[in-house]
file entry.txt (compact mmCIF, C-alpha atoms)
# COMPACT_ATOMS: atom_id res chain seq x y z
CA MET D 1 0.00 0.00 0.00
CA LEU D 2 2.98 2.33 0.47
CA LEU D 3 4.23 4.48 -2.35
CA PRO D 4 7.88 4.24 -3.37
CA ARG D 5 10.06 6.16 -0.92
CA PHE D 6 10.36 9.92 -1.17
CA GLU D 7 10.66 12.93 1.10
CA TYR D 8 7.72 15.19 1.79
CA ARG D 9 8.25 18.90 2.44
CA ALA D 10 5.56 21.56 2.71
CA ALA D 11 6.60 25.07 1.65
CA ARG D 12 5.12 28.20 3.26
CA THR D 13 6.36 30.68 0.65
CA VAL D 14 7.16 30.57 -3.05
CA GLY D 15 10.83 31.24 -2.24
CA GLU D 16 10.92 28.30 0.15
CA ALA D 17 9.29 26.03 -2.43
CA LEU D 18 11.94 26.95 -5.02
CA THR D 19 14.74 26.33 -2.51
CA LEU D 20 13.29 22.99 -1.44
CA TRP D 21 13.14 21.99 -5.08
CA ALA D 22 16.66 23.20 -5.90
CA GLU D 23 18.44 21.49 -3.00
CA GLN D 24 17.24 18.01 -3.91
CA PRO D 25 17.78 16.58 -7.43
CA GLY D 26 14.66 14.76 -8.59
CA ALA D 27 12.29 16.90 -6.54
CA ARG D 28 8.82 17.68 -7.84
CA PHE D 29 6.25 20.32 -6.95
CA MET D 30 2.85 19.04 -5.85
CA ALA D 31 -0.43 20.93 -5.79
CA GLY D 32 -3.48 18.66 -5.49
CA GLY D 33 -1.38 15.54 -6.11
CA THR D 34 -4.15 13.70 -7.96
CA ASP D 35 -1.98 13.13 -11.02
CA LEU D 36 1.39 13.06 -9.27
CA ILE D 37 0.55 10.49 -6.56
CA ALA D 38 -1.04 8.16 -9.10
CA GLN D 39 2.02 8.54 -11.37
CA MET D 40 4.48 7.94 -8.52
CA ARG D 41 2.74 4.65 -7.81
CA THR D 42 3.42 3.34 -11.28
CA ARG D 43 6.11 5.15 -13.20
CA ARG D 44 7.34 8.53 -12.03
CA LYS D 45 10.41 8.58 -9.77
CA VAL D 46 10.38 11.50 -7.36
CA SER D 47 12.94 12.00 -4.60
CA ARG D 48 11.16 14.83 -2.84
CA VAL D 49 7.61 16.13 -3.01
CA VAL D 50 7.41 19.88 -2.44
CA ASP D 51 3.83 20.62 -1.40
CA ILE D 52 2.71 24.11 -2.44
CA LYS D 53 -0.81 23.99 -0.92
CA GLN D 54 0.18 25.83 2.24
CA ILE D 55 1.51 28.91 0.43
CA PRO D 56 -1.13 31.57 1.15
CA GLU D 57 -0.87 33.58 -2.08
CA LEU D 58 -1.17 30.46 -4.24
CA ASN D 59 -4.58 29.79 -2.66
CA GLN D 60 -6.06 33.05 -3.89
CA ILE D 61 -8.33 33.99 -6.74
CA ARG D 62 -7.76 37.70 -7.27
CA GLU D 63 -8.43 40.52 -9.68
CA SER D 64 -5.40 40.85 -11.97
CA GLU D 65 -3.73 44.15 -12.90
CA ASP D 66 -5.47 44.35 -16.30
CA GLY D 67 -8.94 43.71 -14.83
CA GLY D 68 -8.93 39.98 -15.48
CA VAL D 69 -8.80 37.22 -12.90
CA ALA D 70 -5.68 35.46 -11.58
CA ILE D 71 -6.09 31.97 -10.19
CA GLY D 72 -3.49 30.74 -7.71
CA ALA D 73 -1.75 27.45 -8.49
CA ALA D 74 -3.06 25.72 -5.36
CA VAL D 75 -6.74 26.61 -5.81
CA ALA D 76 -8.80 23.43 -6.05
CA LEU D 77 -11.05 23.05 -9.10
CA SER D 78 -14.14 22.83 -6.86
CA ALA D 79 -13.29 26.24 -5.35
CA LEU D 80 -12.68 27.63 -8.84
CA CYS D 81 -16.05 26.32 -10.08
CA GLU D 82 -17.86 27.88 -7.10
CA HIS D 83 -16.16 31.27 -7.29
CA PRO D 84 -18.83 33.88 -8.12
CA ARG D 85 -16.56 36.14 -10.18
CA VAL D 86 -15.11 33.26 -12.20
CA ARG D 87 -18.60 31.85 -12.81
CA GLU D 88 -19.90 35.21 -13.93
CA ARG D 89 -17.01 36.21 -16.19
CA TYR D 90 -15.49 32.93 -17.41
CA PRO D 91 -18.34 30.42 -17.63
CA ALA D 92 -16.57 28.51 -20.43
CA LEU D 93 -13.74 27.67 -18.03
CA VAL D 94 -16.21 26.53 -15.37
CA GLU D 95 -17.93 24.31 -17.97
CA CYS D 96 -14.66 22.47 -18.56
CA ALA D 97 -13.33 22.52 -14.99
CA CYS D 98 -16.48 20.97 -13.54
CA GLN D 99 -16.04 17.97 -15.88
CA VAL D 100 -12.55 17.03 -14.68
CA GLY D 101 -12.40 13.69 -12.87
CA ALA D 102 -15.28 13.55 -10.43
CA TYR D 103 -16.74 15.40 -7.45
CA ALA D 104 -14.14 14.38 -4.84
CA LEU D 105 -11.20 14.63 -7.22
CA ARG D 106 -12.09 18.27 -7.93
CA ASN D 107 -11.72 19.01 -4.20
CA ARG D 108 -7.99 18.32 -4.63
CA ALA D 109 -7.08 18.73 -8.31
CA THR D 110 -6.01 22.18 -9.48
CA LEU D 111 -6.04 24.19 -12.69
CA ALA D 112 -2.23 24.59 -12.53
CA GLY D 113 -1.78 20.84 -12.03
CA ASN D 114 -4.04 20.03 -14.96
CA LEU D 115 -1.90 22.36 -17.10
CA CYS D 116 1.51 21.19 -15.88
CA ASN D 117 0.63 17.54 -16.43
CA ALA D 118 0.32 18.63 -20.08
CA SER D 119 -1.99 15.81 -21.05
CA PRO D 120 -3.57 15.98 -24.51
CA ALA D 121 -6.77 15.16 -22.59
CA ALA D 122 -6.57 18.11 -20.14
CA ASP D 123 -10.13 19.38 -19.94
CA THR D 124 -9.29 22.80 -18.53
CA ALA D 125 -6.42 23.40 -20.96
CA VAL D 126 -8.77 23.83 -23.88
CA ALA D 127 -10.70 26.53 -22.02
CA LEU D 128 -7.47 28.33 -21.12
CA LEU D 129 -6.41 28.16 -24.78
CA ALA D 130 -9.75 29.50 -25.94
CA LEU D 131 -9.72 32.29 -23.35
CA GLU D 132 -6.10 33.21 -24.21
CA ALA D 133 -4.93 32.76 -20.63
CA LYS D 134 -1.36 33.31 -19.45
CA VAL D 135 0.72 31.16 -17.13
CA VAL D 136 2.99 32.87 -14.61
CA ALA D 137 6.07 30.75 -13.90
CA THR D 138 8.77 31.58 -11.38
CA ASN D 139 12.26 30.26 -10.70
CA MET D 140 15.04 31.43 -8.38
CA ASP D 141 16.04 34.27 -10.71
CA ARG D 142 12.91 35.60 -12.34
CA SER D 143 9.23 35.36 -13.13
CA ARG D 144 7.98 35.06 -16.68
CA VAL D 145 4.64 34.95 -18.42
CA ILE D 146 3.91 32.14 -20.87
CA PRO D 147 0.85 32.44 -23.13
CA VAL D 148 -1.09 29.15 -22.86
CA GLU D 149 -0.94 29.03 -26.65
CA GLU D 150 2.83 28.41 -26.31
CA PHE D 151 2.66 26.22 -23.21
CA PHE D 152 1.95 22.74 -24.61
CA LEU D 153 4.71 21.06 -26.59
CA GLY D 154 3.48 17.46 -26.70
CA PRO D 155 2.05 14.69 -24.50
CA GLY D 156 3.40 15.39 -20.99
CA LYS D 157 5.68 18.13 -22.35
CA SER D 158 5.28 21.80 -21.61
CA ALA D 159 7.31 24.97 -22.05
CA LEU D 160 8.11 24.96 -18.32
CA GLU D 161 11.81 24.73 -17.55
CA GLU D 162 13.31 22.60 -14.81
CA GLY D 163 12.74 24.25 -11.46
CA GLU D 164 10.05 26.62 -12.65
CA LEU D 165 6.98 26.79 -10.48
CA VAL D 166 3.65 27.91 -11.91
CA THR D 167 2.31 30.41 -9.39
CA GLU D 168 -0.85 31.57 -11.12
CA ILE D 169 -2.92 31.47 -14.25
CA VAL D 170 -4.31 34.75 -15.51
CA LEU D 171 -7.50 35.10 -17.51
CA PRO D 172 -7.49 38.36 -19.48
CA ALA D 173 -10.28 40.92 -19.14
CA ARG D 174 -10.94 40.78 -22.90
CA SER D 175 -11.97 37.11 -22.62
CA ALA D 176 -14.63 37.77 -20.01
CA GLY D 177 -18.20 36.95 -20.99
CA PHE D 178 -17.50 34.14 -23.46
CA GLN D 179 -20.33 31.67 -23.08
CA GLY D 180 -19.36 28.14 -23.92
CA SER D 181 -20.34 24.54 -23.83
CA TYR D 182 -18.03 21.57 -23.47
CA HIS D 183 -19.02 18.40 -25.30
CA ARG D 184 -17.13 15.50 -23.84
CA GLN D 185 -17.23 11.81 -24.71
CA SER D 186 -15.74 9.22 -22.37
CA ARG D 187 -16.23 5.54 -21.67
CA ARG D 188 -17.54 6.39 -18.23
CA ARG D 189 -19.11 9.69 -17.11
CA GLY D 190 -16.83 10.16 -14.09
CA MET D 191 -13.06 9.90 -13.73
CA ASP D 192 -12.27 8.64 -17.21
CA LEU D 193 -10.20 10.87 -19.46
CA ALA D 194 -12.03 12.31 -22.44
CA SER D 195 -11.95 10.06 -25.51
CA VAL D 196 -12.71 13.20 -27.49
CA ALA D 197 -14.05 16.57 -26.43
CA VAL D 198 -14.90 19.89 -28.05
CA LEU D 199 -15.29 23.29 -26.43
CA VAL D 200 -17.21 25.93 -28.35
CA ALA D 201 -17.66 29.45 -27.05
CA LYS D 202 -19.07 32.72 -28.26
CA GLY D 203 -18.55 36.22 -26.90
CA GLY D 204 -17.15 39.64 -27.49
CA GLU D 205 -18.85 42.98 -27.96
CA GLY D 206 -20.46 43.87 -31.28
CA ALA D 207 -19.97 41.16 -33.92
CA PRO D 208 -19.72 37.81 -32.10
CA ARG D 209 -16.33 36.21 -31.66
CA TYR D 210 -16.06 32.44 -31.63
CA ARG D 211 -13.72 29.94 -29.99
CA VAL D 212 -13.33 26.28 -30.88
CA GLY D 213 -11.02 23.96 -28.95
CA LEU D 214 -10.36 20.22 -29.14
CA VAL D 215 -9.21 17.69 -26.54
CA SER D 216 -7.75 14.18 -26.87
CA VAL D 217 -7.41 14.35 -30.65
CA ALA D 218 -3.87 15.69 -31.08
CA PRO D 219 -0.54 15.62 -29.19
CA THR D 220 -1.71 18.74 -27.33
CA PRO D 221 -5.05 20.42 -26.68
CA LEU D 222 -5.85 22.33 -29.86
CA ARG D 223 -7.51 25.58 -30.83
CA VAL D 224 -9.03 25.68 -34.32
CA ARG D 225 -8.77 29.24 -35.56
CA ALA D 226 -9.94 28.32 -39.07
CA ALA D 227 -13.30 27.21 -37.62
CA GLU D 228 -13.55 30.33 -35.49
CA GLU D 229 -12.86 32.63 -38.45
CA LEU D 230 -15.47 30.91 -40.62
CA MET D 231 -18.09 31.44 -37.93
CA GLU D 232 -17.08 35.06 -37.37
CA ARG D 233 -17.12 35.84 -41.09
CA GLU D 234 -20.23 33.98 -42.15
CA GLY D 235 -22.26 33.23 -39.02
CA PRO D 236 -24.41 30.15 -38.41
CA SER D 237 -24.57 29.28 -42.13
CA ALA D 238 -20.91 28.23 -41.84
CA ILE D 239 -21.45 25.62 -39.11
CA ALA D 240 -20.97 22.60 -41.39
CA ARG D 241 -17.76 24.04 -42.86
CA ALA D 242 -16.47 25.04 -39.41
CA ALA D 243 -17.06 21.47 -38.23
CA GLU D 244 -15.16 20.20 -41.27
CA ALA D 245 -12.29 22.59 -40.47
CA ALA D 246 -12.13 21.13 -36.94
CA ARG D 247 -12.16 17.60 -38.36
CA LEU D 248 -9.22 18.45 -40.60
CA ALA D 249 -7.28 20.22 -37.85
CA CYS D 250 -7.08 17.24 -35.52
CA SER D 251 -4.61 14.36 -35.72
CA PRO D 252 -6.00 11.67 -33.43
CA ILE D 253 -4.46 8.31 -32.60
CA THR D 254 -6.08 4.98 -31.81
CA ASP D 255 -5.69 3.88 -28.21
CA ALA D 256 -7.61 2.07 -25.46
CA ARG D 257 -10.18 4.85 -25.24
CA ALA D 258 -11.19 5.21 -28.89
CA SER D 259 -10.08 4.74 -32.46
CA ALA D 260 -8.61 7.55 -34.52
CA GLU D 261 -11.51 7.30 -36.98
CA TYR D 262 -14.12 7.59 -34.26
CA ARG D 263 -12.36 10.54 -32.70
CA ARG D 264 -12.10 12.45 -35.96
CA GLU D 265 -15.73 11.74 -36.80
CA MET D 266 -16.87 12.89 -33.36
CA VAL D 267 -14.88 16.12 -33.60
CA GLY D 268 -17.07 17.01 -36.59
CA VAL D 269 -20.29 15.93 -34.90
CA LEU D 270 -19.59 17.64 -31.58
CA THR D 271 -18.31 20.87 -33.16
CA ALA D 272 -21.43 21.17 -35.32
CA ARG D 273 -23.69 20.31 -32.40
CA GLY D 274 -21.99 22.82 -30.11
CA LEU D 275 -21.96 25.64 -32.64
CA ALA D 276 -25.62 25.06 -33.51
CA ALA D 277 -26.54 25.36 -29.84
CA LEU D 278 -24.59 28.63 -29.57
CA ALA D 279 -25.95 30.25 -32.71
CA MET T 280 11.50 10.23 6.43
CA ARG T 281 8.95 10.36 9.26
CA HIS T 282 6.56 13.19 10.07
CA THR T 283 4.67 13.83 13.25
CA ILE T 284 1.12 14.86 12.49
CA THR T 285 -1.72 16.00 14.70
CA VAL T 286 -5.06 15.36 13.09
CA ARG T 287 -8.63 15.09 14.33
CA VAL T 288 -10.19 11.84 13.17
CA ASN T 289 -13.92 11.48 13.81
CA GLY T 290 -13.66 14.19 16.46
CA VAL T 291 -10.73 12.60 18.33
CA GLU T 292 -7.31 14.23 18.26
CA GLU T 293 -4.66 11.80 17.03
CA ARG T 294 -0.90 12.39 17.13
CA HIS T 295 1.15 9.93 15.09
CA GLU T 296 4.37 9.43 13.25
CA VAL T 297 3.73 8.75 9.58
CA ASP T 298 5.98 7.92 6.67
CA ALA T 299 6.33 10.48 3.89
CA ASN T 300 5.22 7.85 1.39
CA GLN T 301 2.13 6.82 3.36
CA THR T 302 -1.30 7.82 2.03
CA LEU T 303 -4.25 9.06 4.04
CA LEU T 304 -5.86 5.68 3.31
CA SER T 305 -2.87 3.77 4.69
CA PHE T 306 -2.83 6.03 7.76
CA LEU T 307 -6.46 5.18 8.48
CA ARG T 308 -6.22 1.46 7.79
CA ASP T 309 -2.68 0.54 8.91
CA THR T 310 -1.95 3.09 11.62
CA LEU T 311 -5.38 3.70 13.16
CA ASN T 312 -6.93 0.33 12.28
CA LEU T 313 -9.96 2.07 10.80
CA THR T 314 -10.72 -0.33 7.96
CA GLY T 315 -14.04 1.17 6.82
CA ALA T 316 -12.41 3.04 3.95
CA LYS T 317 -11.34 0.41 1.44
CA GLN T 318 -8.43 0.09 -0.93
CA GLY T 319 -9.85 -0.63 -4.34
CA CYS T 320 -8.05 0.67 -7.41
CA ASN T 321 -5.56 2.81 -5.44
CA GLU T 322 -5.56 5.43 -8.20
CA GLY T 323 -8.70 7.48 -7.65
CA GLU T 324 -10.93 5.60 -10.10
CA CYS T 325 -13.23 3.66 -7.76
CA GLY T 326 -14.02 5.88 -4.77
CA SER T 327 -14.01 3.07 -2.21
CA CYS T 328 -11.43 4.99 -0.12
CA MET T 329 -13.60 8.12 0.11
CA VAL T 330 -13.39 10.05 3.38
CA LEU T 331 -13.99 13.66 4.34
CA LEU T 332 -11.05 16.03 4.78
CA ASP T 333 -12.15 19.27 6.44
CA GLY T 334 -15.70 18.37 5.45
CA LYS T 335 -14.96 17.73 1.78
CA ALA T 336 -14.94 14.35 0.07
CA VAL T 337 -11.45 13.25 -0.97
CA ASN T 338 -9.90 10.06 -2.29
CA GLY T 339 -7.82 8.65 0.57
CA CYS T 340 -5.48 6.95 -1.90
CA LEU T 341 -4.52 10.25 -3.57
CA THR T 342 -3.79 12.21 -0.40
CA LEU T 343 -0.61 11.93 1.65
CA ALA T 344 -0.77 11.30 5.39
CA ALA T 345 1.92 13.93 5.94
CA GLU T 346 -0.45 16.54 4.50
CA LEU T 347 -2.97 15.98 7.31
CA ASP T 348 -1.20 17.92 10.05
CA GLY T 349 -3.70 20.36 11.56
CA HIS T 350 -6.63 19.03 9.57
CA GLU T 351 -9.78 17.08 10.28
CA VAL T 352 -10.79 13.71 8.82
CA ALA T 353 -14.18 12.01 9.02
CA THR T 354 -14.65 8.34 8.15
CA ILE T 355 -17.56 5.92 8.10
CA GLU T 356 -16.58 4.76 11.60
CA GLY T 357 -17.59 8.15 13.01
CA LEU T 358 -20.99 8.18 11.37
CA GLY T 359 -23.24 5.96 13.46
CA GLN T 360 -23.22 2.89 15.64
CA ALA T 361 -25.28 -0.29 15.87
CA GLY T 362 -28.58 0.78 17.38
CA ALA T 363 -27.97 4.43 16.49
CA LEU T 364 -27.39 4.47 12.76
CA HIS T 365 -27.01 7.63 10.71
CA PRO T 366 -30.01 8.26 8.40
CA LEU T 367 -27.82 7.36 5.41
CA GLN T 368 -26.92 4.01 6.98
CA SER T 369 -30.56 3.23 7.88
CA ALA T 370 -31.70 4.15 4.39
CA PHE T 371 -29.05 1.94 2.76
CA LEU T 372 -30.37 -1.01 4.79
CA LYS T 373 -34.01 -0.20 4.07
CA HIS T 374 -33.46 0.13 0.30
CA HIS T 375 -31.10 -2.85 -0.02
CA ALA T 376 -28.47 -0.47 -1.33
CA VAL T 377 -25.72 -2.80 -0.07
CA GLN T 378 -24.76 -6.08 -1.62
CA CYS T 379 -21.10 -7.03 -1.19
CA GLY T 380 -20.55 -3.81 0.75
CA PHE T 381 -17.07 -2.99 -0.49
CA CYS T 382 -18.04 0.33 -2.10
CA THR T 383 -20.58 1.26 0.59
CA PRO T 384 -18.42 3.27 3.02
CA GLY T 385 -17.12 5.34 0.12
CA VAL T 386 -20.56 5.88 -1.37
CA VAL T 387 -21.97 6.87 2.02
CA MET T 388 -19.16 9.37 2.67
CA THR T 389 -19.52 10.94 -0.79
CA SER T 390 -23.27 11.22 -0.21
CA LEU T 391 -22.74 12.76 3.21
CA ALA T 392 -20.43 15.42 1.76
CA LEU T 393 -22.95 16.21 -0.96
CA LEU T 394 -25.92 16.40 1.42
CA GLN T 395 -24.02 18.72 3.73
CA GLU T 396 -23.43 21.07 0.79
CA ASN T 397 -26.78 20.53 -0.84
CA PRO T 398 -29.52 19.05 1.39
CA LYS T 399 -31.96 18.63 -1.51
CA PRO T 400 -30.04 17.40 -4.56
CA THR T 401 -31.72 16.60 -7.85
CA GLU T 402 -31.26 13.13 -9.30
CA LEU T 403 -28.69 14.56 -11.74
CA GLN T 404 -26.73 16.34 -8.99
CA LEU T 405 -26.67 13.11 -7.03
CA LYS T 406 -25.48 11.07 -10.00
CA THR T 407 -22.83 13.68 -10.79
CA ALA T 408 -21.52 13.58 -7.22
CA LEU T 409 -21.40 9.77 -7.30
CA ALA T 410 -19.69 9.53 -10.69
CA GLY T 411 -16.39 8.78 -8.93
CA ASN T 412 -17.80 5.87 -6.89
CA LEU T 413 -18.03 2.49 -8.57
CA CYS T 414 -20.50 -0.16 -7.40
CA ARG T 415 -20.40 -3.47 -9.24
CA CYS T 416 -23.37 -5.09 -7.43
CA THR T 417 -26.44 -2.93 -6.99
CA GLY T 418 -26.78 -1.19 -10.31
CA TYR T 419 -26.99 2.15 -8.44
CA ARG T 420 -30.81 2.46 -8.43
CA GLN T 421 -31.14 1.33 -4.82
CA ILE T 422 -28.23 3.57 -3.82
CA LEU T 423 -29.85 6.64 -5.38
CA ASP T 424 -33.20 5.83 -3.74
CA ALA T 425 -31.54 5.31 -0.37
CA ILE T 426 -29.71 8.63 -0.52
CA GLN T 427 -32.85 10.57 -1.49
CA ASP T 428 -34.72 8.88 1.36
CA ALA T 429 -31.90 9.71 3.80
CA ALA T 430 -31.83 13.29 2.52
CA LYS T 431 -35.53 13.59 3.37
CA THR T 432 -34.91 12.27 6.89
CA MET T 433 -31.94 14.58 7.36
CA ARG T 434 -33.95 17.61 6.20
CA ALA T 435 -36.73 16.75 8.64
CA GLN T 436 -34.18 16.34 11.44
CA SER T 437 -32.52 19.68 10.78
CA LYS T 438 -35.97 21.35 10.60
CA ARG T 439 -36.82 19.86 14.00
CA ARG T 440 -33.52 21.05 15.39
CA THR T 441 -34.04 24.62 14.21
CA ALA T 442 -37.71 24.70 15.26

call {"tool": "encode", "arguments": {"input": "entry.txt", "output": "structure tokens"}}
result
Amino acid sequence: MLLPRFEYRAARTVGEALTLWAEQPGARFMAGGTDLIAQMRTRRKVSRVVDIKQIPELNQIRESEDGGVAIGAAVALSALCEHPRVRERYPALVECACQVGAYALRNRATLAGNLCNASPAADTAVALLALEAKVVATNMDRSRVIPVEEFFLGPGKSALEEGELVTEIVLPARSAGFQGSYHRQSRRRGMDLASVAVLVAKGGEGAPRYRVGLVSVAPTPLRVRAAEELMEREGPSAIARAAEAARLACSPITDARASAEYRREMVGVLTARGLAALA
Amino acid sequence: MRHTITVRVNGVEERHEVDANQTLLSFLRDTLNLTGAKQGCNEGECGSCMVLLDGKAVNGCLTLAAELDGHEVATIEGLGQAGALHPLQSAFLKHHAVQCGFCTPGVVMTSLALLQENPKPTELQLKTALAGNLCRCTGYRQILDAIQDAAKTMRAQSKRRTA
């Protein structure tokens, strides 16, 4: 029942977390731990777990400098989904976040953890892509801002460098008000990763802006700008062509959860269905 | 590496040495001999290790014991006793919502967390909350009926208490 051996250290400040990581080769930051603990049981070797949940500022959801919302790296998804300001301004993110794992898992799992795990099936990643969120990452020397668009490099691979800690994820003010729906297929309603999922969202002032994002059908979560542009240019009459654009944009594989053919087909179906419901 | 933790379990303060690589589930079962929470999949899929941490449902297999210092855990053992069952336990008996019983402590604890947040859940809210709890015997219908019945009893009780 025991996990492989490792050290556990809880940091109280970001600086302490970075030091605890740096002094022990093979250390790993942990937020909710729902991915990390499961991975340590089977494949991931970790010499020291640096728990960031006790760092006060990482537990905050706050107004960001540009009028958007910044979500601390240790905020649980359930707290995110219940937050009045997030619900009001970023409902598309809540749509995705409340479909991660299951009820109890969301009491532990975090937005930052879902991102850093860099799974092609990360439900919240597609919302962050669509909402043009930014990731704030800090190491001993500096803080930098990574657009989510540049964050995912491949399955399990992100733009984070060794020793960088994600401290918060910032949703820009301009993305507030996008209404979205997340269409997710999985073998089982709870816990299972998405076999294929599509986020569609619509917002903006004046002429509507569209967002289309895909999950579990490419090496990374994917935004389909071609589909968005078709909808923005031509409106609801372009739904079939936008769905076709999404179908062409994905590059699914066959695995235990679904076949490549099924995934590609469902991208078309779910995109059309979602856009029709938005229009 | 060992850690000394002080944690309230079912209202009783416990002070123990735990290993860094010990889970909350192992702490309950192996250290405290509270074997109500079960080890099923050990990776968060099945929900049979569900307990409450500071009032919220969590998977015991995905939480480290060392994280518990200063926190509060509630398990099925703290819920009711023979002769004085909790409404959820009575309702599970009445509706035959238990067959092999392996998933039952987890299902009951998930339900308890939900009913504390939302005393009158819809069928869909209930199913959503239970999506992380697998039962391979009952087919879920009896479980859902039992929880709704218990919710009714619990609402009546809290009304009586406030009256």

call {"tool": "atom_distance", "arguments": {"input": "entry.txt", "atom1": "CA of Pro91 (chain D)", "atom2": "CA of Val200 (chain D)"}}
result
11.7 Å

call {"tool": "interface_residues", "arguments": {"input": "entry.txt", "of": "chain T", "to": "chain D", "cutoff": "7 Å", "atoms": "only C-alpha atoms", "output": "JSON, numbers by chain"}}
result
{"T": [280, 299, 300, 301, 305, 322, 324, 335, 336, 337, 338, 341, 408, 410, 411]}

call {"tool": "residues_around", "arguments": {"input": "entry.txt", "residues": "Leu58 (chain D)", "least_positions_apart": "3", "cutoff": "10 Å", "atoms": "only C-alpha atoms", "output": "number ranges by chain"}}
result
D: 13-14, 31, 52-55, 61, 70-75, 166-168

call {"tool": "write_last_selection", "arguments": {"input": "entry.txt", "atoms": "C-alpha atoms", "output": "JSON list (two decimals), in the coordinates of the input"}}
result
[["chain", "number", "residue", "atom", "x", "y", "z"],
["D", 13, "THR", "CA", 6.36, 30.68, 0.65],
["D", 14, "VAL", "CA", 7.16, 30.57, -3.05],
["D", 31, "ALA", "CA", -0.43, 20.93, -5.79],
["D", 52, "ILE", "CA", 2.71, 24.11, -2.44],
["D", 53, "LYS", "CA", -0.81, 23.99, -0.92],
["D", 54, "GLN", "CA", 0.18, 25.83, 2.24],
["D", 55, "ILE", "CA", 1.51, 28.91, 0.43],
["D", 61, "ILE", "CA", -8.33, 33.99, -6.74],
["D", 70, "ALA", "CA", -5.68, 35.46, -11.58],
["D", 71, "ILE", "CA", -6.09, 31.97, -10.19],
["D", 72, "GLY", "CA", -3.49, 30.74, -7.71],
["D", 73, "ALA", "CA", -1.75, 27.45, -8.49],
["D", 74, "ALA", "CA", -3.06, 25.72, -5.36],
["D", 75, "VAL", "CA", -6.74, 26.61, -5.81],
["D", 166, "VAL", "CA", 3.65, 27.91, -11.91],
["D", 167, "THR", "CA", 2.31, 30.41, -9.39],
["D", 168, "GLU", "CA", -0.85, 31.57, -11.12]]

call {"tool": "atom_distance", "arguments": {"input": "entry.txt", "atom1": "CA of Glu293 (chain T)", "atom2": "CA of His350 (chain T)"}}
result
10.6 Å

call {"tool": "closest_atom_pairs", "arguments": {"input": "entry.txt", "of": "region 323-413 of chain T", "to": "region 431-438 of chain T", "cutoff": "9 Å", "atoms": "only C-alpha atoms", "output": "JSON lines"}}
result
{"residue": "T:Pro366", "atom": "CA", "partner": "T:Thr432", "partner_atom": "CA", "distance": 6.5}
{"residue": "T:Leu367", "atom": "CA", "partner": "T:Met433", "partner_atom": "CA", "distance": 8.5}
{"residue": "T:Leu394", "atom": "CA", "partner": "T:Met433", "partner_atom": "CA", "distance": 8.7}
{"residue": "T:Pro398", "atom": "CA", "partner": "T:Arg434", "partner_atom": "CA", "distance": 6.7}
{"residue": "T:Lys399", "atom": "CA", "partner": "T:Lys431", "partner_atom": "CA", "distance": 7.9}

call {"tool": "closest_residue", "arguments": {"input": "entry.txt", "among": "D:Ser158, D:Thr19, D:Asn59, D:Gln185", "to": "Leu115 (chain D)", "atoms": "only C-alpha atoms"}}
result
D:Ser158

call {"tool": "residues_around", "arguments": {"input": "entry.txt", "residues": "region 149-156 of chain D", "least_positions_apart": "6", "cutoff": "6 Å", "atoms": "all atoms listed in the file", "output": "VMD selection string"}}
result
chain D and resid 117 to 120 129 219 to 220

call {"tool": "write_last_selection", "arguments": {"input": "entry.txt", "atoms": "C-alpha atoms", "output": "PDB file, keeping the file's coordinate frame"}}
result
ATOM      1  CA  ASN D 117       0.630  17.540 -16.430  1.00  0.00           C
ATOM      2  CA  ALA D 118       0.320  18.630 -20.080  1.00  0.00           C
ATOM      3  CA  SER D 119      -1.990  15.810 -21.050  1.00  0.00           C
ATOM      4  CA  PRO D 120      -3.570  15.980 -24.510  1.00  0.00           C
ATOM      5  CA  LEU D 129      -6.410  28.160 -24.780  1.00  0.00           C
ATOM      6  CA  PRO D 219      -0.540  15.620 -29.190  1.00  0.00           C
ATOM      7  CA  THR D 220      -1.710  18.740 -27.330  1.00  0.00           C
TER       8      THR D 220
END

call {"tool": "atom_distance", "arguments": {"input": "entry.txt", "atom1": "CA of Met388 (chain T)", "atom2": "CA of Ser327 (chain T)"}}
result
9.5 Å

call {"tool": "closest_residue", "arguments": {"input": "entry.txt", "among": "D:Asp66, D:Val196, D:Ala246, D:Leu222", "to": "Ala260 (chain D)", "atoms": "all atoms listed in the file"}}
result
D:Val196

call {"tool": "closest_residue", "arguments": {"input": "entry.txt", "among": "T:Glu396, T:Glu296, T:Asp424, T:Asp309", "to": "Leu347 (chain T)", "atoms": "all atoms listed in the file"}}
result
T:Glu296

call {"tool": "residues_around", "arguments": {"input": "entry.txt", "residues": "Cys96 (chain D)", "least_positions_apart": "6", "cutoff": "7 Å", "atoms": "all atoms listed in the file", "output": "VMD selection string"}}
result
chain D and resid 123 to 124 127 182

call {"tool": "residues_near_point", "arguments": {"input": "entry.txt", "point": "(-25.1, 12.4, -6.3)", "cutoff": "9 Å", "atoms": "all atoms listed in the file", "output": "number ranges by chain"}}
result
D: 103; T: 389-390, 393-394, 400-410, 423, 426

call {"tool": "residues_around", "arguments": {"input": "entry.txt", "residues": "Leu128 (chain D)", "least_positions_apart": "5", "cutoff": "8 Å", "atoms": "only C-alpha atoms", "output": "MDAnalysis selection string"}}
result
chainID D and resid 93 133 148 171

call {"tool": "closest_residue", "arguments": {"input": "entry.txt", "among": "D:Ser259, D:Gln24, D:Thr271, D:Thr138", "to": "Ala243 (chain D)", "atoms": "all atoms listed in the file"}}
result
D:Thr271

call {"tool": "closest_residue", "arguments": {"input": "entry.txt", "among": "D:Gly274, D:Pro208, D:Gly15, D:Ala130", "to": "Arg225 (chain D)", "atoms": "all atoms listed in the file"}}
result
D:Ala130
